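Scroll down for the structure; my scribbles are underneath it.
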Amino acid sequence: MKKDITCIVCPKGCTIHVEYDETGIKSMEGYSCKRGIEYATAEILSPTRMVTSSVKTDNARYTVCPVKTSKPIGKDKIQDVMKSICCVKVKAPVRQGDVIIKDVCGTGADIVATQTLEALEKE
Amino acid sequence: MLIHVFLGGIPVIKNFNLVIIGGGPAGMAAALEAYDLGIKDIAILERDDSLGGILKQCIHNGFGLHVFKEELTGPEYALRFSEKVKDTDITVMLNTMVIGADNNKTMYAVNPEYGFMTIKAKAVILAMGCRERPRGALRIPGANVAGIFTAGTAQRFVNMEGILPGSKAVILGSGDIGLIMARRLTLEGIKVQGVYEIMDYPGGLTRNIVQCLDDFNIPLHLSTTIVKIHGKGRVTGVTTAKVDKNMLPIKGTEEYVECDTLLLSVGLIPENELTEQMGVGMYQVTGGAYVDQDLETDTEGIFACGNVLHVHDLVDYVTMEGQKAAKSAKKYLDDLLEQKKTKPEIKVIPGNGLRYVLPQHIYLKDPEEKIKVFFRSKARYKDVVIKAIMNDEVIAKKKVIRLIPSEMESVEIKTSDLFRTTNNGADLKDLVIEVEQ
């Protein structure tokens, strides 16, 4: 298989051509530094991404609270993670850093709040 | 422009040493720096119900690599500052809209607590940020229908209010907000039909092209724009067309794209109505105030920083600019900038290849100053040298591997070199910053 990867390590943005199969990477060209090789290798073998989204809130000024994964997760897990985030509702007060879902979808990453939302005062 | 209308009751008049208009990243950084420098009686006037500005809706990560050496999301970056502000005695006036100002640092504001107020300050830092270019500024013919949002409006709806704008979207403009929203909408189950960019290169960072579009197979159409909006009541689709070198649509390349939502990510405009009411001189290219190396406007004691001064691509630079404005305000309040305007003044001019420079003028007041001159290019360059030239002598040089209009660059000037090459200010010429030809 062949793939062209745009390197995002530095602003230069090299296009790296990679040839690979099930056993691993066969050849690579177009990179200009070691970091480019590392990036392209990771992108082929196990690409990861941080996921940021929001969860519904209860008793807060805003109807949603922003969240993120505590560390990058496998790219193939993004949709699963979004599905689990979708069903969650948190009750204010919420503090930035609060764990909303532990070990989301078995990725080893937690879903944590990235905003602090106070509870609305009861009437 | 004076506003002297009181709707009964006792007029509220408040006095501060330093008033900062805007509680976003620029305003918070300025306020904290001013506080740390020992300025007493500082106030932040913020129209929203909490500090943080636009960062609150930028829930993606990538903020803070320069200032905190780590990647934070927008709300996290904002909290680093707003939590600190809470621990100070800085007066934070929320839900407070400054509706007018005049040229002696008097501002007129309204909020639910006091109603109409007159606020007087010894020094003012402008940190109002910018707003998005709306449809009206684009001259796209077609129906006047619902479903057309600026990317930032949609971002606030989705990320703060929990409302999805539609189910099938087209994005015009490939600036970073547009790209980020393409991913965000996709993650929330909205089909993004494509991103259309009139230029022949993307406006946003490469990282965002890769992680927001390529990751989700969202097509990016370069040299393409929208020539018509269709619909009745709600947008039902758009007609796109390729453009030629003069950015004019090419006949025969039109395509109909179905959508119920159109997001516009087509540029930001500094929000300077108050600045102009204060009688502050403007710099046409940036749409912000005309400033010197202290970020002081042509009106004494009024400083500007952040996106209200010029639109930045990184919030980290906004923070640093806010801190710099506060340092200058401190000097002003200590009467250290008093003599400035009697000193020789050098104009800074964008030369070959550059669209603008900031600051736009420099006073020769201190031979030991180091001044960072920021600039943006007009076009894309690879492996070029940036030169600062005074009286035919190159006084600073910088190699840049990639120079593009969407990424701000800077070059450092030493005032000692300006003193020397101008014969201590006797032989003044313009300081030209340019791309080496």
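Just remember, in the structure tokens the first chain shown is A, the second B, etc., residues are 1-based per chain, and ligands are 1-based in the order shown.
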Sel. of helix (DSSP H, G or I) residues, chain A, as a list in words: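 The helix (DSSP H, G or I) residues within chain A come out as Lys34, Arg35, Gly36, Ile37, Glu38, Tyr39, Ala40, Thr41, Ala42, Glu43, Ile44, Leu45, Lys75, Asp76, Lys77, Ile78, Gln79, Asp80, Val81, Met82, Lys83, Ser84, Ile85, Cys86, Val104, Cys105 and Gly106 of chain A.
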Chain A contacts to chain B at 9 Å (only C-alpha atoms) as a PyMOL selection string: chain A and resi 5-9+11-13+49-56+62-68+75+78-79+82+86+96+114-116
DSSP strand (DSSP E or B) selection over stretch 106-334 of chain B, as a PyMOL selection string: chain B and resi 106-111+115-126+130-132+142+146+148-150+168-172+191-196+220-221+224-232+234-243+249+255-258+261-264+268-270+282-283+288-289+296+302-304
Long-range neighbours of B:Met199 as a list in words, 9 Å cut-off, only C-alpha atoms, 4 positions minimum in chain: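 So the residues in contact are Gly173, Gly203, Leu222, Ser223, Thr224, Thr225, Val243 and Met247 of chain B.
Proximity of A:Asp76, A:Asp103, A:Asp58, A:Glu22 to A:Val88, computed with only C-alpha atoms, is greatest for A:Asp58.
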